[in-house]
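Novice: One structure, pasted below without further comment.
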Amino acid sequence: MEHKNGKLYLVSTPIGNLKDITFRAVEILESVTLIAAEDTRHSKVLLSHFNITTPLISYFEHNEFSRIPKLMDHLKGGNDLAVITDAGTPGISDPAYRLVREAIALSITVESLPGPSAFLAGLTSSGLPTDRFIFEGFLPPKKGRKKRMLSVENEEATLIYYESPSRLLRTLKQLKEALGDRPAVVARELTKLHEEIKRGTLSELFTYFDKKKARGECVILVGKNDENVYF
Ligand code: SAM
């Protein structure tokens, strides 16, 4: 009999609002024999909300190298595996990427279940041009930040950054210094109770968030130097 590998499913999960899950995501999470999750405690809340009892195994940035062989054995044994992360689409600024590479190298089928991603929700609600955009993800936490910012200085596209709440102010300030006082948007707590899309120039946004203490998860979007964009 011909040997058949299992399938690797990349399952997008909500970025805040639990209703933002697809019917297919629930179906696949129920049907696979194992779910690899970034933070199993966090994912248990989501799974129990949908009465999904599939076993969970942790897979995160600091155990990925030791975990990959185990997960590949599972797939090579003919068993399907779903990967979820704490929020959004696996592989977008989280560790799913390496798993996908390894699966491809072993001729394992990879199937993505599309769904929420913070950068897309932020971009489409920002009011900044959507025809061209560059997803820059997280800036390096310490060295090399300015260099990375300047590397896209002359691009005619909306720039998208992920940022932690604790670094928001520093990043807004540095973006202004590197790129000029451009139109920009901070999209925070997307799909959650306190969702806020704040538009202004980089310095206006700095002043606003300097006063406002509550920050929350956010996406920073920066427009090009374009006089036609007024907020
Ligand atoms: N895989 C995820 C996705 O598809 O969006 C991103 C994972 S990354 C580790 C987490 C970052 O995404 C946060 O630091 C923040 O920049 C952004 N993010 C996630 N959820 C968000 C939300 N509800 N509102 C705004 N930004 C969010």
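FYI, nothing fancy with the structure tokens labels: chains A, B, ... in order, residues from 1 per chain, ligands from 1 as they appear.
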Can you list, as a VMD selection string, every protein, DNA or RNA residue that comes within 8 Å of Val11 in chain A when you count only C-alpha atoms, leaving out same-chain residues fewer than 2 positions away?
Specialist: chain A and resid 9 13 25 29 82 to 84 89 to 90 112 to 115
Novice: Write down as a PyMOL selection string the residues belonging to range 103-219 of chain A that are assigned helix (DSSP H, G or I) by DSSP computed on the backbone.
Specialist: chain A and resi 103-105+118-126+145-150+165-179+202-211
Novice: Residues contacting ligand 1 - anything with an atom at most 8 Å away, using only C-alpha atoms and all ligand atoms - can you give me those as JSON, numbers by chain?
Specialist: {"A": [12, 15, 16, 85, 86, 87, 88, 89, 90, 91, 92, 93, 94, 116, 117, 118, 119, 120, 122, 137, 138, 161, 162, 163, 164, 165, 187, 188, 189, 190, 191, 192, 195, 216, 217, 218, 219, 220]}
Novice: Compare A:Ser43, A:Thr109, A:Thr207, A:Thr124 by their minimum atom-to-atom distance to Asn79 in chain A, counting only C-alpha atoms, and give me the closest one.
Specialist: A:Thr109
